[in-house]
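Shown below: entry-v4.cif, with mmCIF, C-alpha atoms.
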```cif
data_protein
#
loop_
_atom_site.label_atom_id
_atom_site.label_comp_id
_atom_site.auth_asym_id
_atom_site.auth_seq_id
_atom_site.Cartn_x
_atom_site.Cartn_y
_atom_site.Cartn_z
CA MET A 8 -4.72 5.99 14.72
CA ALA A 9 -4.90 3.21 12.19
CA GLU A 10 -1.16 2.71 11.80
CA THR A 11 1.90 2.88 13.98
CA LEU A 12 5.54 2.54 13.02
CA GLY A 13 5.50 -1.02 14.34
CA SER A 14 2.45 -2.00 12.29
CA LEU A 15 3.92 -0.48 9.13
CA ILE A 16 7.21 -2.30 9.66
CA ASP A 17 5.28 -5.51 10.31
CA LYS A 18 3.53 -5.16 6.95
CA LEU A 19 6.83 -4.48 5.21
CA THR A 20 8.50 -7.57 6.70
CA ILE A 21 5.56 -9.74 5.62
CA LYS A 22 5.73 -8.35 2.09
CA SER A 23 9.48 -9.05 2.02
CA ILE A 24 8.84 -12.66 3.01
CA ARG A 25 6.15 -12.91 0.35
CA GLU A 26 8.63 -11.47 -2.19
CA PHE A 27 11.23 -14.08 -1.20
CA TYR A 28 8.81 -16.98 -1.72
CA LEU A 29 7.38 -15.52 -4.91
CA ASN A 30 10.92 -15.16 -6.31
CA LYS A 31 11.54 -18.79 -5.41
CA LEU A 32 8.44 -19.84 -7.35
CA ILE A 33 9.40 -17.75 -10.36
CA LYS A 34 12.96 -19.11 -10.43
CA SER A 35 11.96 -22.75 -9.88
CA ARG A 36 9.03 -22.58 -12.32
CA LYS A 37 7.34 -25.18 -10.10
CA SER A 38 3.97 -23.61 -9.47
CA ASP A 39 0.30 -24.20 -10.13
CA PHE A 40 0.17 -20.62 -11.44
CA PRO A 41 1.36 -19.50 -14.89
CA LEU A 42 4.71 -17.70 -14.89
CA ALA A 43 3.12 -14.54 -16.31
CA GLN A 44 0.68 -14.41 -13.39
CA LEU A 45 3.50 -14.82 -10.87
CA LYS A 46 5.44 -11.99 -12.52
CA GLU A 47 2.34 -9.76 -12.41
CA LYS A 48 1.99 -10.49 -8.70
CA MET A 49 5.66 -9.60 -8.21
CA GLU A 50 5.15 -6.22 -9.89
CA VAL A 51 2.16 -5.47 -7.65
CA LEU A 52 4.15 -6.54 -4.61
CA LYS A 53 7.07 -4.27 -5.53
CA LYS A 54 4.68 -1.31 -5.87
CA GLN A 55 3.13 -2.13 -2.49
CA LYS A 56 6.56 -2.30 -0.84
CA LYS A 57 7.55 1.03 -2.36
CA GLN A 58 4.33 2.63 -1.09
CA LEU A 59 4.88 1.16 2.38
CA GLY A 60 8.39 2.59 2.41
CA LYS A 61 6.94 6.02 1.66
CA GLU A 62 4.36 5.59 4.44
CA ILE A 63 7.08 4.65 6.92
CA ASP A 64 9.18 7.68 5.96
CA LEU A 65 6.14 9.96 6.20
CA PHE A 66 5.23 8.53 9.60
CA VAL A 67 8.73 9.07 11.00
CA ASN A 68 8.95 12.61 9.58
CA SER A 69 5.49 13.49 10.89
CA ALA A 70 6.29 12.08 14.32
CA ALA A 71 9.30 14.34 14.56
CA GLU A 72 7.27 17.41 13.61
CA SER A 73 4.07 16.93 15.63
CA ASP A 74 2.69 15.41 18.78
CA PHE A 75 0.21 12.88 17.41
CA PRO A 76 0.04 9.53 19.26
CA LEU A 77 2.79 7.09 18.33
CA ARG A 78 1.21 4.06 19.99
CA GLU A 79 -2.25 2.61 20.30
CA GLU A 80 -3.84 1.52 23.54
CA LYS A 81 -4.21 -2.25 23.31
CA LEU A 82 -7.73 -3.37 24.08
CA LYS A 83 -7.41 -7.10 23.59
CA LEU A 84 -7.30 -9.18 26.77
CA TYR A 85 -6.08 -12.75 26.67
CA ASN A 86 -7.33 -15.53 28.95
CA LYS A 87 -3.81 -16.69 29.67
CA PRO A 88 -1.22 -13.98 29.07
CA ILE A 89 1.93 -15.33 27.48
CA SER A 90 5.35 -14.65 28.91
CA ILE A 91 7.23 -12.90 26.14
CA GLY A 92 10.68 -13.85 27.32
CA ASN A 93 13.39 -11.63 25.91
CA ILE A 94 11.13 -9.64 23.57
CA GLY A 95 10.70 -6.84 26.07
CA LYS A 96 14.44 -6.65 26.68
CA ALA A 97 15.29 -5.40 23.19
CA GLN A 98 16.71 -1.90 23.63
CA ALA A 99 17.16 -0.91 19.99
CA ILE A 100 14.53 -0.45 17.33
CA SER A 101 16.73 -2.23 14.76
CA GLN A 102 17.14 -5.24 17.05
CA THR A 103 13.37 -5.42 17.55
CA VAL A 104 12.69 -5.07 13.81
CA ASP A 105 15.07 -7.98 13.22
CA LYS A 106 13.21 -10.10 15.78
CA LEU A 107 9.89 -9.13 14.19
CA ALA A 108 11.10 -10.21 10.75
CA GLN A 109 12.25 -13.55 12.19
CA LYS A 110 8.91 -14.00 13.97
CA ASN A 111 6.99 -13.30 10.76
CA LEU A 112 9.11 -15.87 8.92
CA GLU A 113 8.38 -18.38 11.69
CA LEU A 114 4.66 -17.64 11.36
CA TRP A 115 4.82 -18.08 7.58
CA GLN A 116 6.42 -21.51 8.01
CA LEU A 117 3.94 -22.54 10.71
CA GLU A 118 1.02 -21.50 8.49
CA ASP A 119 2.46 -23.67 5.71
CA GLN A 120 2.54 -26.58 8.18
CA ALA A 121 -1.06 -25.90 9.25
CA ARG A 122 -2.24 -26.19 5.62
CA ARG A 123 -0.87 -29.71 5.25
CA THR A 124 -3.41 -32.37 4.36
CA ASP A 125 -1.14 -35.39 4.89
CA VAL A 126 -1.06 -35.22 8.69
CA PRO A 127 -3.59 -35.98 11.46
CA LEU A 128 -5.79 -33.19 12.84
CA GLU A 129 -3.98 -33.44 16.18
CA TYR A 130 -0.80 -32.35 14.42
CA ILE A 131 -2.63 -29.36 12.91
CA GLY A 132 -4.05 -28.49 16.35
CA ASN A 133 -0.54 -28.43 17.83
CA ILE A 134 0.66 -26.20 15.01
CA LYS A 135 -2.28 -23.84 15.58
CA ARG A 136 -1.25 -23.47 19.23
CA LYS A 137 2.26 -22.60 18.09
CA ILE A 138 0.77 -20.05 15.69
CA ASP A 139 -1.16 -18.45 18.56
CA LEU A 140 2.01 -18.13 20.64
CA ALA A 141 4.08 -16.79 17.75
CA ASN A 142 1.36 -14.31 16.81
CA GLN A 143 1.22 -13.00 20.38
CA GLN A 144 4.99 -12.57 20.32
CA ARG A 145 4.69 -10.80 16.96
CA ASN A 146 2.19 -8.35 18.43
CA ASP A 147 4.43 -7.81 21.44
CA LEU A 148 7.32 -6.98 19.10
CA ILE A 149 5.17 -4.49 17.17
CA ASP A 150 4.25 -2.84 20.48
CA ARG A 151 7.93 -2.80 21.52
CA ILE A 152 8.93 -1.03 18.29
CA ASP A 153 6.26 1.60 18.97
CA GLU A 154 7.39 1.98 22.59
CA LEU A 155 11.06 2.37 21.66
CA PHE A 156 10.22 4.82 18.87
CA GLU A 157 8.06 6.90 21.19
CA LYS A 158 10.92 7.10 23.70
CA LYS A 159 13.32 8.31 20.98
CA VAL A 160 10.94 10.92 19.56
CA ARG A 161 9.42 12.18 22.80
CA LYS A 162 12.63 12.55 24.86
#
```

Please go through the file and, once you have read it, give me the structure as structure tokens.
Amino acid sequence: MAETLGSLIDKLTIKSIREFYLNKLIKSRKSDFPLAQLKEKMEVLKKQKKQLGKEIDLFVNSAAESDFPLREEKLKLYNKPISIGNIGKAQAISQTVDKLAQKNLELWQLEDQARRTDVPLEYIGNIKRKIDLANQQRNDLIDRIDELFEKKVRK
């Protein structure tokens, strides 16, 4: 299966973060891009979010009506598995979605730091390590959403 509930929610949270920053650019009018281009991007983004919302609803409805797989087997193996701390302890889907949104915002901010050109490469290297950790936690949260959803649907 190409998508799971967790992966669809992940995409939606990223698009919401993108919408927030795009709105900031439009309102501040401090951008290298023309205002008309930013507004066009916002319209595309809104359509994408609406479509993702429909996909999420369809996924949830389909899951309730059939027995297709709700999770994917993870095939990636890491050299040094990361302790996920309290990620695995989330007992509610909503709580996990909230943590995923926060993690995606953290990743967005770290990526902004990694694109800086006014700092030494060592600084960028340290940021990249933080990105790796945050991305692993993000993936763990996506998996947790799928696990919790499967438990609710397949009782």

Residues selected by the PyMOL selection byres ((chain A and resi 33) around 10), written as a PyMOL selection string: chain A and resi 28-32+34-38+40-46+49

Atom-to-atom span, atom CA of A:Ile152 and atom CA of A:Ala108, Å: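 According to the coordinates, atom CA of A:Ile152 and atom CA of A:Ala108 are separated by 12.1 Å.
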
For atom CA of A:Ser101 and atom CA of A:Trp115, the interatomic separation in Å (one decimal):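 Separation between atom CA of A:Ser101 and atom CA of A:Trp115: 21.1 Å.
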
Å distance separating atom CA of A:Lys159 from atom CA of A:Ala99, one decimal place: 10.0 Å

For the structure shown, which residues end up in the PyMOL selection byres ((chain A and resi 14) around 10)? Put them as a short mmCIF file (atom, residue, chain, number, x, y, z; two decimals) with C-alpha atoms, in the frame of the given file, please?
```
data_model
loop_
_atom_site.label_atom_id
_atom_site.label_comp_id
_atom_site.auth_asym_id
_atom_site.auth_seq_id
_atom_site.Cartn_x
_atom_site.Cartn_y
_atom_site.Cartn_z
CA ALA A 9 -4.90 3.21 12.19
CA GLU A 10 -1.16 2.71 11.80
CA THR A 11 1.90 2.88 13.98
CA LEU A 12 5.54 2.54 13.02
CA GLY A 13 5.50 -1.02 14.34
CA LEU A 15 3.92 -0.48 9.13
CA ILE A 16 7.21 -2.30 9.66
CA ASP A 17 5.28 -5.51 10.31
CA LYS A 18 3.53 -5.16 6.95
CA LEU A 19 6.83 -4.48 5.21
CA THR A 20 8.50 -7.57 6.70
CA ILE A 63 7.08 4.65 6.92
CA ARG A 78 1.21 4.06 19.99
CA ASN A 146 2.19 -8.35 18.43
CA LEU A 148 7.32 -6.98 19.10
CA ILE A 149 5.17 -4.49 17.17
CA ASP A 150 4.25 -2.84 20.48
CA ILE A 152 8.93 -1.03 18.29
CA ASP A 153 6.26 1.60 18.97
#
```

If the box runs along x, y and z of the file and leaves 8 Å on each side of stretch 49-64 of chain A, what are its centre and edge lengths in Å, one decimal, as lines of an AutoDock Vina configuration file?
```
center_x = 5.7
center_y = -1.0
center_z = -1.5
size_x = 23.0
size_y = 33.3
size_z = 32.8
```

Result set, the PyMOL selection byres ((chain A and resi 117-125) around 12) on current file, as a PDB file with C-alpha atoms, in the coordinates of the input:
```pdb
ATOM      1  CA  TYR A  28       8.810 -16.980  -1.720  1.00  0.00           C
ATOM      2  CA  LYS A 110       8.910 -14.000  13.970  1.00  0.00           C
ATOM      3  CA  ASN A 111       6.990 -13.300  10.760  1.00  0.00           C
ATOM      4  CA  LEU A 112       9.110 -15.870   8.920  1.00  0.00           C
ATOM      5  CA  GLU A 113       8.380 -18.380  11.690  1.00  0.00           C
ATOM      6  CA  LEU A 114       4.660 -17.640  11.360  1.00  0.00           C
ATOM      7  CA  TRP A 115       4.820 -18.080   7.580  1.00  0.00           C
ATOM      8  CA  GLN A 116       6.420 -21.510   8.010  1.00  0.00           C
ATOM      9  CA  VAL A 126      -1.060 -35.220   8.690  1.00  0.00           C
ATOM     10  CA  PRO A 127      -3.590 -35.980  11.460  1.00  0.00           C
ATOM     11  CA  LEU A 128      -5.790 -33.190  12.840  1.00  0.00           C
ATOM     12  CA  GLU A 129      -3.980 -33.440  16.180  1.00  0.00           C
ATOM     13  CA  TYR A 130      -0.800 -32.350  14.420  1.00  0.00           C
ATOM     14  CA  ILE A 131      -2.630 -29.360  12.910  1.00  0.00           C
ATOM     15  CA  GLY A 132      -4.050 -28.490  16.350  1.00  0.00           C
ATOM     16  CA  ASN A 133      -0.540 -28.430  17.830  1.00  0.00           C
ATOM     17  CA  ILE A 134       0.660 -26.200  15.010  1.00  0.00           C
ATOM     18  CA  LYS A 135      -2.280 -23.840  15.580  1.00  0.00           C
ATOM     19  CA  ARG A 136      -1.250 -23.470  19.230  1.00  0.00           C
ATOM     20  CA  LYS A 137       2.260 -22.600  18.090  1.00  0.00           C
ATOM     21  CA  ILE A 138       0.770 -20.050  15.690  1.00  0.00           C
ATOM     22  CA  ASP A 139      -1.160 -18.450  18.560  1.00  0.00           C
ATOM     23  CA  LEU A 140       2.010 -18.130  20.640  1.00  0.00           C
ATOM     24  CA  ALA A 141       4.080 -16.790  17.750  1.00  0.00           C
ATOM     25  CA  ASN A 142       1.360 -14.310  16.810  1.00  0.00           C
TER      26      ASN A 142
END
```

For A:Lys162, the nearest of the candidates A:Leu52, A:Ala71, A:Ile24, A:Leu65, counting all atoms listed in the file: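 Of A:Leu52, A:Ala71, A:Ile24, A:Leu65, the one nearest A:Lys162 is A:Ala71, counting all atoms listed in the file.
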
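Closest approach to A:Ser23 among A:Glu47, A:Lys56, A:Arg161, A:Lys106: A:Lys56, based on only C-alpha atoms.
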
Of the listed residues A:Gln55, A:Gln143, A:Glu72, A:Leu155, that which approaches A:Val104 most closely, counting all atoms listed in the file: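 Comparing A:Gln55, A:Gln143, A:Glu72, A:Leu155 against A:Val104, the winner is A:Leu155.
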
Counting only C-alpha atoms, the residue of A:Gln98, A:Lys48, A:Lys53, A:Leu107 that sits nearest A:Glu154: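 Under the stated criterion, the closest residue is A:Gln98.
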